[in-house]
file work00.cif (mmCIF, C-alpha atoms)
data_structure
#
loop_
_atom_site.label_atom_id
_atom_site.label_comp_id
_atom_site.auth_asym_id
_atom_site.auth_seq_id
_atom_site.Cartn_x
_atom_site.Cartn_y
_atom_site.Cartn_z
CA MET G 1494 -26.56 80.72 12.98
CA LYS G 1495 -28.67 78.99 15.61
CA ARG G 1496 -25.56 78.40 17.69
CA ASN G 1497 -24.67 82.08 17.50
CA VAL G 1498 -28.15 83.08 18.66
CA ILE G 1499 -27.87 80.73 21.63
CA LEU G 1500 -24.45 82.17 22.46
CA PHE G 1501 -25.79 85.73 22.36
CA ILE G 1502 -28.70 84.76 24.60
CA LEU G 1503 -26.33 83.10 27.07
CA PHE G 1504 -24.15 86.19 27.03
CA PHE G 1505 -27.04 88.53 27.82
CA VAL G 1506 -28.27 86.20 30.54
CA LEU G 1507 -24.80 86.28 32.09
CA ILE G 1508 -24.73 90.08 31.96
CA GLY G 1509 -28.20 90.18 33.50
CA VAL G 1510 -27.00 87.95 36.32
CA LEU G 1511 -23.99 90.24 36.86
CA PHE G 1512 -26.25 93.27 37.17
CA CYS G 1513 -28.41 91.44 39.71
CA LEU G 1514 -25.53 90.16 41.85
CA PRO G 1515 -25.08 91.72 45.30
CA VAL G 1516 -22.67 94.64 45.39
CA GLU G 1517 -20.31 92.80 47.78
CA THR G 1518 -19.84 89.94 45.30
CA THR G 1519 -19.09 92.18 42.33
CA LYS G 1520 -16.84 94.33 44.50
CA SER G 1521 -14.75 91.28 45.46
CA PHE G 1522 -14.18 90.54 41.79
CA SER G 1523 -13.33 94.18 41.00
CA ASN G 1524 -10.99 94.38 43.97
CA ALA G 1525 -9.17 91.21 42.90
CA ILE G 1526 -8.54 92.67 39.42
CA ARG G 1527 -7.43 95.98 40.86
CA ASP G 1528 -4.98 94.33 43.21
CA VAL G 1529 -3.41 92.43 40.33
CA PHE G 1530 -3.00 95.58 38.28
CA ALA G 1531 -1.94 97.73 41.23
CA ALA G 1532 1.48 96.08 40.99
CA GLN G 1533 1.71 97.06 37.33
CA GLN G 1534 0.70 100.63 38.13
CA VAL G 1535 3.37 100.82 40.83
CA GLY G 1536 5.93 99.60 38.29
CA PHE G 1537 4.81 102.21 35.77
CA ARG G 1538 5.07 104.93 38.33
CA GLN G 1539 8.61 103.91 39.27
CA ALA G 1540 9.59 103.74 35.61
CA LYS G 1541 8.16 107.21 35.08
CA GLU G 1542 10.16 108.60 38.00
CA TRP G 1543 13.31 106.89 36.75
CA LEU G 1544 12.83 108.39 33.28
CA ARG G 1545 12.10 111.77 34.77
CA SER G 1546 15.36 111.69 36.69
CA PHE G 1547 17.29 111.49 33.40
CA GLY G 1548 15.68 114.62 32.04
CA ARG G 1549 16.71 116.74 34.97
CA GLY G 1550 20.04 118.45 34.95
CA LYS G 1551 22.38 118.60 37.90
CA ALA G 1552 21.79 122.33 38.36
CA GLU G 1553 18.04 121.79 38.61
CA LEU G 1554 18.49 119.05 41.18
CA LEU G 1555 20.82 121.20 43.27
CA ASP G 1556 18.31 124.06 43.18
CA GLU G 1557 15.52 121.78 44.27
CA ASN G 1558 17.72 120.39 47.00
CA ARG G 1559 18.41 123.87 48.30
CA VAL G 1560 14.73 124.82 48.29
CA LEU G 1561 13.82 121.62 50.10
CA ARG G 1562 16.48 122.19 52.76
CA VAL G 1563 15.06 125.63 53.45
CA LYS G 1564 11.59 124.16 53.63
CA ILE G 1565 12.77 121.50 56.07
CA GLU G 1566 14.20 124.15 58.37
CA GLU G 1567 10.97 126.14 58.21
CA LEU G 1568 8.97 123.02 59.05
CA ARG G 1569 11.31 122.16 61.92
CA ASP G 1570 10.74 125.61 63.32
CA GLU G 1571 6.98 125.19 62.97
CA ILE G 1572 7.13 121.84 64.72
CA ARG G 1573 9.04 123.39 67.60
CA GLN G 1574 6.49 126.15 67.94
CA SER G 1575 3.60 123.70 67.66
CA LYS G 1576 5.14 121.51 70.34
CA ASN G 1577 5.40 124.47 72.69
CA LEU G 1578 1.82 125.47 71.98
CA ARG G 1579 0.63 121.91 72.47
CA GLU G 1580 2.35 121.65 75.82
CA GLU G 1581 0.91 124.95 76.89
CA ASN G 1582 -2.52 123.89 75.67
CA GLN G 1583 -2.33 120.65 77.65
CA GLU G 1584 -1.34 122.50 80.78
CA LEU G 1585 -4.28 124.85 80.45
CA ARG G 1586 -6.65 121.96 79.79
CA ASP G 1587 -5.37 120.12 82.79
CA LEU G 1588 -5.97 123.23 84.81
CA LEU G 1589 -9.51 123.59 83.54
CA LYS G 1590 -10.01 119.82 83.55
CA LEU G 1591 -11.32 119.85 79.99
CA LYS G 1592 -11.67 116.61 78.01
CA ALA G 1593 -9.09 116.41 75.20
CA THR G 1594 -10.55 117.11 71.78
CA SER G 1595 -10.54 114.24 69.35
CA LYS G 1596 -7.43 113.90 67.28
CA TYR G 1597 -6.82 112.20 64.01
CA THR G 1598 -3.84 110.42 62.50
CA LEU G 1599 -2.60 110.44 58.94
CA LEU G 1600 -1.55 107.63 56.63
CA ALA G 1601 0.66 108.70 53.72
CA ALA G 1602 -0.16 107.25 50.31
CA GLN G 1603 1.09 107.76 46.78
CA LEU G 1604 -1.06 108.12 43.71
CA LEU G 1605 -0.93 105.16 41.36
CA ALA G 1606 -3.32 106.33 38.66
CA ARG G 1607 -5.70 109.16 37.88
CA ASP G 1608 -9.16 109.17 36.26
CA VAL G 1609 -9.33 105.40 36.49
CA ASN G 1610 -12.48 105.22 34.39
CA GLY G 1611 -12.83 108.69 32.89
CA TRP G 1612 -16.37 109.23 34.19
CA TRP G 1613 -15.84 110.28 37.78
CA GLN G 1614 -12.89 112.40 38.84
CA MET G 1615 -11.06 109.77 40.83
CA ALA G 1616 -7.56 108.57 41.57
CA ARG G 1617 -6.07 105.38 42.92
CA ILE G 1618 -3.65 105.21 45.84
CA ASP G 1619 -1.31 102.48 47.00
CA LYS G 1620 -2.93 101.88 50.38
CA GLY G 1621 -5.86 99.55 50.91
CA ALA G 1622 -7.67 97.37 53.43
CA ASP G 1623 -4.40 95.76 54.50
CA ASP G 1624 -3.30 99.19 55.73
CA GLY G 1625 -6.54 99.82 57.61
CA VAL G 1626 -8.12 102.03 54.95
CA GLN G 1627 -11.91 102.01 54.91
CA ALA G 1628 -14.53 103.56 52.66
CA ASP G 1629 -15.66 107.15 53.38
CA LEU G 1630 -12.41 108.20 55.07
CA PRO G 1631 -11.34 111.74 54.12
CA VAL G 1632 -8.17 112.27 52.12
CA ILE G 1633 -6.05 115.39 52.27
CA SER G 1634 -3.07 116.70 50.35
CA PRO G 1635 -0.36 118.91 51.87
CA GLU G 1636 -2.38 121.92 50.65
CA GLY G 1637 -5.87 120.91 51.68
CA LEU G 1638 -8.76 118.49 51.40
CA ALA G 1639 -8.57 116.24 48.35
CA GLY G 1640 -11.61 113.99 48.62
CA GLN G 1641 -12.95 110.81 50.08
CA ILE G 1642 -12.16 107.09 49.86
CA VAL G 1643 -14.84 105.25 47.87
CA ASN G 1644 -13.57 101.82 46.84
CA VAL G 1645 -11.15 99.77 48.89
CA SER G 1646 -9.36 96.60 47.88
CA ARG G 1647 -6.57 94.84 49.70
CA ASN G 1648 -3.69 96.88 48.29
CA SER G 1649 -5.26 99.96 46.80
CA SER G 1650 -8.11 102.41 47.21
CA ASP G 1651 -9.94 104.90 45.03
CA ILE G 1652 -10.34 108.53 46.01
CA LEU G 1653 -13.31 110.49 44.75
CA PHE G 1654 -12.04 114.06 44.43
CA LEU G 1655 -14.04 116.82 46.04
CA THR G 1656 -14.51 118.45 42.64
CA ASN G 1657 -16.88 115.64 41.73
CA PRO G 1658 -20.51 116.85 41.94
CA LYS G 1659 -21.37 113.71 43.89
CA VAL G 1660 -19.26 114.94 46.80
CA LYS G 1661 -20.95 117.24 49.32
CA ILE G 1662 -19.08 118.58 52.33
CA ALA G 1663 -20.39 120.46 55.36
CA ALA G 1664 -18.23 123.56 55.47
CA ARG G 1665 -17.79 126.95 57.09
CA LEU G 1666 -15.65 130.01 56.72
CA ALA G 1667 -12.49 129.79 58.81
CA ARG G 1668 -12.84 133.30 60.23
CA SER G 1669 -16.52 133.18 61.18
CA GLU G 1670 -19.44 130.90 61.94
CA ILE G 1671 -20.92 131.10 58.45
CA PHE G 1672 -21.90 127.61 57.34
CA GLY G 1673 -22.69 126.11 53.96
CA ILE G 1674 -22.38 122.98 51.81
CA VAL G 1675 -19.48 122.65 49.39
CA ARG G 1676 -19.96 120.52 46.31
CA GLY G 1677 -17.78 119.88 43.30
CA GLN G 1678 -18.27 121.55 39.96
CA GLY G 1679 -15.94 119.48 37.81
CA VAL G 1680 -13.14 121.08 35.83
CA SER G 1681 -12.99 124.11 33.58
CA TRP G 1682 -11.70 124.31 30.02
CA GLU G 1683 -8.16 124.87 31.30
CA GLY G 1684 -8.36 121.92 33.66
CA ASP G 1685 -8.90 124.08 36.77
CA ALA G 1686 -10.90 122.38 39.48
CA LYS G 1687 -13.88 124.24 40.88
CA CYS G 1688 -16.25 123.91 43.83
CA ARG G 1689 -19.24 125.82 45.07
CA MET G 1690 -20.38 126.61 48.58
CA ASP G 1691 -24.16 126.76 48.70
CA PHE G 1692 -26.80 127.74 51.26
CA ILE G 1693 -24.84 130.63 52.71
CA VAL G 1694 -27.09 132.92 54.65
CA LYS G 1695 -28.00 135.97 52.62
CA GLY G 1696 -26.28 139.06 53.94
CA ALA G 1697 -23.49 137.07 55.57
CA ASP G 1698 -20.12 138.78 55.56
CA ILE G 1699 -18.10 136.79 53.05
CA ASN G 1700 -15.22 138.14 51.03
CA ARG G 1701 -12.96 137.06 48.24
CA ALA G 1702 -10.01 134.93 49.44
CA ASP G 1703 -11.82 133.85 52.63
CA GLU G 1704 -10.64 130.44 53.68
CA VAL G 1705 -13.24 127.65 53.60
CA VAL G 1706 -12.77 124.72 55.98
CA THR G 1707 -14.73 121.63 56.94
CA SER G 1708 -17.20 122.26 59.75
CA GLY G 1709 -17.10 118.75 61.21
CA LEU G 1710 -20.87 118.41 60.89
CA GLY G 1711 -22.07 115.26 59.13
CA GLY G 1712 -19.47 113.03 60.75
CA VAL G 1713 -17.42 112.27 57.65
CA TYR G 1714 -14.84 115.06 57.51
CA PRO G 1715 -13.11 116.19 60.72
CA GLU G 1716 -13.39 119.84 61.55
CA GLY G 1717 -10.84 122.31 60.32
CA LEU G 1718 -9.55 120.72 57.11
CA VAL G 1719 -8.87 123.40 54.50
CA ILE G 1720 -11.12 123.03 51.47
CA GLY G 1721 -10.18 126.14 49.51
CA TYR G 1722 -10.62 129.87 49.09
CA VAL G 1723 -13.56 131.98 48.01
CA GLU G 1724 -13.24 133.33 44.47
CA ASN G 1725 -16.49 135.22 44.20
CA VAL G 1726 -19.89 135.45 45.86
CA GLN G 1727 -23.29 135.64 44.20
CA VAL G 1728 -26.92 135.49 45.19
CA ASP G 1729 -28.65 132.21 44.52
CA PRO G 1730 -31.33 132.39 41.76
CA SER G 1731 -33.97 131.67 44.41
CA GLY G 1732 -32.94 134.87 46.21
CA LEU G 1733 -32.93 133.13 49.59
CA PHE G 1734 -29.25 132.31 49.91
CA GLN G 1735 -25.85 133.24 48.63
CA TYR G 1736 -23.36 130.93 47.03
CA ALA G 1737 -19.62 131.26 46.68
CA GLU G 1738 -17.36 129.83 44.04
CA VAL G 1739 -14.47 128.16 45.80
CA ILE G 1740 -11.06 127.35 44.40
CA PRO G 1741 -9.85 124.13 46.04
CA ALA G 1742 -6.60 124.47 47.95
CA ALA G 1743 -5.32 121.14 46.64
CA ASP G 1744 -3.83 121.20 43.15
CA PHE G 1745 -5.30 118.04 41.64
CA ARG G 1746 -3.13 118.18 38.55
CA LEU G 1747 0.06 118.01 40.59
CA LEU G 1748 -1.21 115.67 43.29
CA ASP G 1749 1.36 113.01 43.96
CA MET G 1750 1.16 112.19 47.63
CA VAL G 1751 -1.92 112.31 49.83
CA PHE G 1752 -2.82 111.43 53.41
CA VAL G 1753 -5.75 109.33 54.52
CA VAL G 1754 -7.27 110.83 57.66
CA PHE G 1755 -8.18 108.45 60.43
CA SER G 1756 -10.31 109.49 63.36
CA LYS G 1757 -9.28 108.13 66.73
CA LYS G 1758 -11.33 104.92 66.45
CA ASN G 1759 -10.28 104.29 62.83
CA ALA G 1760 -6.66 104.94 63.80
CA ASP G 1761 -6.84 102.01 66.23
CA ALA G 1762 -8.04 99.80 63.37
CA ALA G 1763 -5.17 101.04 61.21
CA LYS G 1764 -2.63 100.29 63.95
CA THR G 1765 -4.04 96.77 64.30
CA MET G 1766 -3.60 96.21 60.56
CA ASP G 1767 -0.03 97.57 60.72
CA GLY G 1768 0.77 95.12 63.49
CA LYS G 1769 -0.64 92.22 61.50
CA LYS G 1770 1.34 93.28 58.40
CA GLU G 1771 4.63 93.40 60.32
CA THR G 1772 4.19 89.95 61.86
CA ARG G 1773 3.58 88.36 58.40
CA MET P 1370 -6.56 82.07 22.18
CA ALA P 1371 -3.08 82.92 23.44
CA VAL P 1372 -2.89 85.91 21.12
CA MET P 1373 -6.31 87.01 22.31
CA ILE P 1374 -5.36 86.85 25.98
CA LEU P 1375 -2.08 88.61 25.28
CA ALA P 1376 -3.85 91.29 23.27
CA ILE P 1377 -6.39 91.91 26.04
CA GLY P 1378 -3.74 92.01 28.77
CA VAL P 1379 -1.44 94.36 26.89
CA GLY P 1380 -4.38 96.39 25.66
CA MET P 1381 -5.68 96.96 29.14
CA ILE P 1382 -2.29 97.95 30.52
CA LEU P 1383 -1.82 100.33 27.60
CA GLU P 1384 -5.29 101.84 27.94
CA HIS P 1385 -5.01 102.49 31.67
CA SER P 1386 -1.47 103.83 31.44
CA MET P 1387 -2.34 106.50 28.89
CA PRO P 1388 -3.02 110.04 30.09
CA SER P 1389 -6.58 111.33 30.16
CA PRO P 1390 -6.43 114.96 29.04
CA VAL P 1391 -9.18 117.49 29.72
CA PHE P 1392 -9.51 118.33 26.03
CA ALA P 1393 -10.56 114.69 25.42
CA GLY P 1394 -13.10 114.84 28.24
CA MET P 1395 -10.85 112.79 30.56
CA ALA P 1396 -11.11 109.89 28.10
CA ARG P 1397 -8.40 107.41 27.31
CA PRO P 1398 -7.79 105.66 23.98
CA PRO P 1399 -10.44 102.89 23.69
CA VAL P 1400 -7.83 100.19 23.04
CA LEU P 1401 -9.96 97.29 24.31
CA ALA P 1402 -12.96 98.33 22.21
CA LEU P 1403 -10.72 98.38 19.15
CA ILE P 1404 -9.39 94.92 19.96
CA VAL P 1405 -12.96 93.62 20.25
CA ALA P 1406 -13.68 95.24 16.89
CA TYR P 1407 -10.74 93.43 15.31
CA TYR P 1408 -12.03 90.09 16.52
CA ALA P 1409 -15.55 90.91 15.41
CA LEU P 1410 -14.29 91.72 11.90
CA ASN P 1411 -12.03 88.71 11.50
CA HIS P 1412 -13.20 85.91 13.75
CA SER P 1413 -16.26 83.92 14.71
CA VAL P 1414 -19.02 84.95 17.09
CA PRO P 1415 -17.80 82.79 20.02
CA MET P 1416 -14.35 84.36 19.77
CA MET P 1417 -15.82 87.85 19.60
CA LEU P 1418 -18.05 87.18 22.61
CA ALA P 1419 -15.12 85.79 24.58
CA VAL P 1420 -13.04 88.90 23.88
CA ALA P 1421 -15.94 91.21 24.68
CA LEU P 1422 -16.65 89.43 27.96
CA LEU P 1423 -13.07 89.11 29.14
CA GLY P 1424 -11.97 92.56 28.04
CA GLY P 1425 -15.13 94.19 29.31
CA MET P 1426 -15.03 92.53 32.74
CA LEU P 1427 -11.39 93.45 33.24
CA SER P 1428 -12.06 97.01 32.13
CA ASP P 1429 -14.99 97.35 34.54
CA GLY P 1430 -12.96 95.85 37.36
CA ILE P 1431 -9.98 98.09 37.00
CA GLY P 1432 -12.08 101.16 36.25
CA SER P 1433 -14.45 100.67 39.20
CA LEU P 1434 -17.51 100.67 36.93
CA PRO P 1435 -20.53 98.43 37.65
CA LEU P 1436 -19.68 94.96 36.33
CA GLY P 1437 -21.31 94.18 33.01
CA ILE P 1438 -21.49 97.67 31.52
CA THR P 1439 -18.43 97.49 29.31
CA PRO P 1440 -19.03 93.90 28.09
CA LEU P 1441 -22.52 95.00 26.97
CA ALA P 1442 -21.09 97.96 25.09
CA PHE P 1443 -18.42 95.77 23.50
CA VAL P 1444 -20.84 93.07 22.40
CA ALA P 1445 -23.19 95.65 20.89
CA ILE P 1446 -20.36 97.07 18.80
CA GLY P 1447 -19.02 93.60 18.02
CA ALA P 1448 -22.37 92.26 16.86
CA VAL P 1449 -23.00 95.17 14.49
CA LEU P 1450 -19.50 94.87 13.04
CA HIS P 1451 -19.61 91.10 12.74
CA TYR P 1452 -22.86 90.95 10.82
CA SER P 1453 -22.05 93.84 8.50
CA ARG P 1454 -18.38 93.16 7.87
CA ASP P 1455 -18.82 91.56 4.47
CA THR P 1456 -20.87 94.49 3.24
CA ILE P 1457 -19.00 97.49 4.49
CA PHE P 1458 -15.50 96.57 5.65
CA SER P 1459 -12.70 96.60 3.10
CA GLY P 1460 -9.66 96.69 5.36
CA LYS P 1461 -8.17 99.69 3.61
CA MET P 1462 -6.45 102.39 5.63
CA VAL P 1463 -9.20 104.95 5.18
CA THR P 1464 -11.85 102.39 6.14
CA ASN P 1465 -9.91 101.49 9.27
CA ILE P 1466 -9.62 105.14 10.25
CA VAL P 1467 -13.32 105.73 9.77
CA PHE P 1468 -14.25 102.52 11.56
CA GLY P 1469 -11.90 103.34 14.41
CA ALA P 1470 -13.52 106.74 14.84
CA VAL P 1471 -17.02 105.27 14.87
CA ILE P 1472 -16.05 102.45 17.24
CA GLY P 1473 -14.35 104.81 19.70
CA MET P 1474 -17.30 107.17 19.81
CA SER P 1475 -19.88 104.35 19.97
CA ALA P 1476 -18.18 102.64 22.90
CA THR P 1477 -18.22 105.88 24.90
CA LEU P 1478 -21.81 106.67 23.98
CA ILE P 1479 -23.10 103.20 24.85
CA VAL P 1480 -21.29 103.17 28.21
CA PHE P 1481 -22.70 106.61 28.98
CA MET P 1482 -26.25 105.50 28.14
CA LEU P 1483 -25.87 102.39 30.27
CA LEU P 1484 -24.57 104.43 33.22
CA LEU P 1485 -27.60 106.70 32.94
CA PHE P 1486 -29.90 103.69 32.70
CA LEU P 1487 -28.41 102.25 35.89
CA GLY P 1488 -28.84 105.57 37.69
CA GLN P 1489 -25.13 106.32 37.94
CA THR P 1490 -24.58 109.97 37.29
CA PRO P 1491 -21.22 110.52 35.65
CA TYR P 1492 -19.62 113.66 36.97
CA THR P 1493 -19.05 114.73 33.42
CA PHE P 1494 -22.71 115.46 33.10
CA GLN P 1495 -21.75 118.81 31.71
CA LEU P 1496 -22.70 118.63 28.06
CA ARG P 1497 -19.43 120.21 27.07
CA MET P 1498 -17.41 117.42 28.72
CA ILE P 1499 -19.58 114.70 27.18
CA LEU P 1500 -19.01 116.21 23.74
CA PHE P 1501 -15.28 116.46 24.40
CA LYS P 1502 -15.24 112.84 25.47
CA LEU P 1503 -17.09 111.70 22.33
CA ILE P 1504 -14.85 113.73 20.04
CA GLY P 1505 -11.76 112.64 21.96
CA THR P 1506 -12.54 108.93 21.74
CA MET P 1507 -13.47 109.38 18.08
CA ILE P 1508 -10.03 110.82 17.34
CA TYR P 1509 -8.29 108.21 19.47
CA GLY P 1510 -10.16 105.45 17.65
CA ALA P 1511 -9.25 106.86 14.24
CA VAL P 1512 -5.59 107.02 15.21
CA PHE P 1513 -5.23 103.74 17.06
CA PHE P 1514 -7.43 101.32 15.11
CA PRO P 1515 -5.26 101.03 11.97
CA ALA P 1516 -2.23 100.25 14.12
CA ILE P 1517 -4.05 97.77 16.37
CA TYR P 1518 -5.61 96.05 13.38
CA ALA P 1519 -2.30 95.68 11.56
CA LEU P 1520 -0.49 94.54 14.69
CA LEU P 1521 -3.00 91.86 15.62
CA ALA P 1522 -3.29 90.60 12.05
CA ARG P 1523 0.49 90.36 11.78
CA LEU P 1524 0.76 88.65 15.15
CA GLU P 1525 -1.81 86.05 14.22
CA LEU P 1526 -0.09 85.32 10.94
CA LEU P 1527 3.30 85.02 12.60
CA THR P 1528 2.14 82.76 15.38
CA GLY P 1529 -0.49 80.89 13.40
CA ALA P 1530 -2.80 81.41 16.35
CA GLY P 1531 -6.51 81.60 15.72
CA LEU P 1532 -6.13 80.88 12.03
CA SER P 1533 -8.71 78.12 12.20
CA GLU P 1534 -11.16 80.64 13.63
CA ARG P 1535 -10.53 83.27 11.01
CA ARG P 1536 -13.13 83.76 8.37
CA PRO P 1537 -12.10 83.00 4.81
CA GLY P 1538 -10.80 86.07 3.06
CA ALA P 1539 -10.03 87.93 6.28
CA ILE P 1540 -8.01 91.00 5.48
CA THR P 1541 -4.54 91.04 6.96
CA SER P 1542 -2.97 94.16 5.53
CA PHE P 1543 -3.94 97.47 3.99
#
call {"tool": "encode", "arguments": {"input": "work00.cif", "output": "structure tokens"}}
result
Amino acid sequence: MKRNVILFILFFVLIGVLFCLPVETTKSFSNAIRDVFAAQQVGFRQAKEWLRSFGRGKAELLDENRVLRVKIEELRDEIRQSKNLREENQELRDLLKLKATSKYTLLAAQLLARDVNGWWQMARIDKGADDGVQADLPVISPEGLAGQIVNVSRNSSDILFLTNPKVKIAARLARSEIFGIVRGQGVSWEGDAKCRMDFIVKGADINRADEVVTSGLGGVYPEGLVIGYVENVQVDPSGLFQYAEVIPAADFRLLDMVFVVFSKKNADAAKTMDGKKETR
Amino acid sequence: MAVMILAIGVGMILEHSMPSPVFAGMARPPVLALIVAYYALNHSVPMMLAVALLGGMLSDGIGSLPLGITPLAFVAIGAVLHYSRDTIFSGKMVTNIVFGAVIGMSATLIVFMLLLFLGQTPYTFQLRMILFKLIGTMIYGAVFFPAIYALLARLELLTGAGLSERRPGAITSF
């Protein structure tokens, strides 16, 4: 009995020490565990895709193939048009001698796991510090903004989805200079993600289906990333502002591939990491 | 010890590979908590503490929770079970189901309280989602504990592992 009491005391002392350790130390331990299990999660994902391929008939695959071919042609056409516009834009800038606006680069990543702990709406991707990923980088899906990188280990990273109430994004309406702050509202009964855009000036012209994009203020999210669309507008209980319920553009239930957004200076860091990886 | 490490490893992979549906408050089956409960009911305190520490640390690491939260929750559950097992645990199927439900819900509740205590605000602060999570883990516990209990007991008997640590009269089947 005495031995058991001593063991319990030692256990609680150890836990107390863990709580008091610096965040960097505990993060190293967490990252090491995550990297070990990232391989298992990759394996599970591949097994899932392999099993899924059995369930799909030939006709379904041919249909999907046809749809994707059409989509590729549409995208090729868009690329051609964008290239022409870019060239024209550069010519005009050269004429006016304007400094080029900052650009960002994208790093594709696949989802390894969702809701890694069940408390914060998060997901894990297969890119980490070795790929140049850093904390606080924005993450987008093909449809729109998905969230922000929060934890980074060598081979994987965690994304905090924008539907999490901890996430706050400086935003504006795409068609006007109406600004606000978007923050997550969790999920509804049906699993639909929701956000809310607060501190909209009262009397501002804002309509249903207006596109909400990042404003670039705050320095975390580049300007112009699509957040979602206005569902409805109401007056804040204080009576001083309006708020709008926003449906995120990204479909978090179907999210499979995302892109980590690097600003120009972070992109250089990512390229350096790529170079180091290739020479290994 | 080998069975314990295997159980924790497989348990963690299983727990983090399961889906986390909205109707269960984004919760997953509390497989590791149930494994800790098994060891608390059938083994000595050092063994139970080792399982709680190892399983809890791995769970916190992979789940990006502050280190130490899950081991604390596990040891709280383990201690209560260990010191009351002779009085209230019979090993029958119904008992296992009820125990599993209580263990699942308790693990979630304790982790939630600890997160609040540490100032971490879970996004599921909506009362509805917390209730869903508690009910979800309760149901998961009720469903999974009988199977985990039977599996581990059978494994230990087959391998002979940990028999010296088992308490006399430990129940091995329903």
call {"tool": "resolve_selection", "arguments": {"input": "work00.cif", "expression": "the PyMOL selection byres ((chain P and resi 1421) around 9)", "output": "PyMOL selection string"}}
result
chain P and resi 1401-1402+1404-1405+1416-1420+1422-1426+1439-1444+1447
call {"tool": "closest_atom_pairs", "arguments": {"input": "work00.cif", "of": "chain P", "to": "chain G", "cutoff": "7 Å", "atoms": "all atoms listed in the file", "output": "JSON lines"}}
result
{"residue": "P:Ser1389", "atom": "CA", "partner": "G:Asp1608", "partner_atom": "CA", "distance": 7.0}
{"residue": "P:Val1391", "atom": "CA", "partner": "G:Gly1684", "partner_atom": "CA", "distance": 6.0}
{"residue": "P:Met1395", "atom": "CA", "partner": "G:Gly1611", "partner_atom": "CA", "distance": 5.1}
{"residue": "P:Ala1396", "atom": "CA", "partner": "G:Gly1611", "partner_atom": "CA", "distance": 5.2}
{"residue": "P:Val1414", "atom": "CA", "partner": "G:Asn1497", "partner_atom": "CA", "distance": 6.4}
{"residue": "P:Leu1427", "atom": "CA", "partner": "G:Ile1526", "partner_atom": "CA", "distance": 6.9}
{"residue": "P:Gly1430", "atom": "CA", "partner": "G:Ser1523", "partner_atom": "CA", "distance": 4.0}
{"residue": "P:Ile1431", "atom": "CA", "partner": "G:Arg1527", "partner_atom": "CA", "distance": 5.1}
{"residue": "P:Gly1432", "atom": "CA", "partner": "G:Asn1610", "partner_atom": "CA", "distance": 4.5}
{"residue": "P:Ser1433", "atom": "CA", "partner": "G:Ser1523", "partner_atom": "CA", "distance": 6.8}
{"residue": "P:Leu1436", "atom": "CA", "partner": "G:Leu1511", "partner_atom": "CA", "distance": 6.4}
{"residue": "P:Gly1437", "atom": "CA", "partner": "G:Ile1508", "partner_atom": "CA", "distance": 5.4}
{"residue": "P:Pro1491", "atom": "CA", "partner": "G:Trp1612", "partner_atom": "CA", "distance": 5.2}
{"residue": "P:Tyr1492", "atom": "CA", "partner": "G:Trp1613", "partner_atom": "CA", "distance": 5.1}
{"residue": "P:Thr1493", "atom": "CA", "partner": "G:Trp1612", "partner_atom": "CA", "distance": 6.2}
call {"tool": "atom_distance", "arguments": {"input": "work00.cif", "atom1": "atom CA of Ala1522 of chain P", "atom2": "atom CA of Ile1466 of chain P"}}
result
16.0 Å
call {"tool": "residues_around", "arguments": {"input": "work00.cif", "residues": "Gly1380 of chain P", "least_positions_apart": "3", "cutoff": "9 Å", "atoms": "all atoms listed in the file", "output": "list of chain:residue names"}}
result
P:Leu1375, P:Ala1376, P:Ile1377, P:Leu1383, P:Glu1384, P:His1385, P:Val1400, P:Leu1401, P:Ile1404, P:Gly1424
call {"tool": "write_last_selection", "arguments": {"input": "work00.cif", "atoms": "C-alpha atoms", "output": "PDB file, in the coordinates of the input"}}
result
ATOM      1  CA  LEU P1375      -2.080  88.610  25.280  1.00  0.00           C
ATOM      2  CA  ALA P1376      -3.850  91.290  23.270  1.00  0.00           C
ATOM      3  CA  ILE P1377      -6.390  91.910  26.040  1.00  0.00           C
ATOM      4  CA  LEU P1383      -1.820 100.330  27.600  1.00  0.00           C
ATOM      5  CA  GLU P1384      -5.290 101.840  27.940  1.00  0.00           C
ATOM      6  CA  HIS P1385      -5.010 102.490  31.670  1.00  0.00           C
ATOM      7  CA  VAL P1400      -7.830 100.190  23.040  1.00  0.00           C
ATOM      8  CA  LEU P1401      -9.960  97.290  24.310  1.00  0.00           C
ATOM      9  CA  ILE P1404      -9.390  94.920  19.960  1.00  0.00           C
ATOM     10  CA  GLY P1424     -11.970  92.560  28.040  1.00  0.00           C
TER      11      GLY P1424
END
call {"tool": "atom_distance", "arguments": {"input": "work00.cif", "atom1": "atom CA of Val1632 of chain G", "atom2": "atom CA of Leu1710 of chain G"}}
result
16.6 Å
call {"tool": "atom_distance", "arguments": {"input": "work00.cif", "atom1": "atom CA of Ser1475 of chain P", "atom2": "atom CA of Arg1497 of chain P"}}
result
17.4 Å
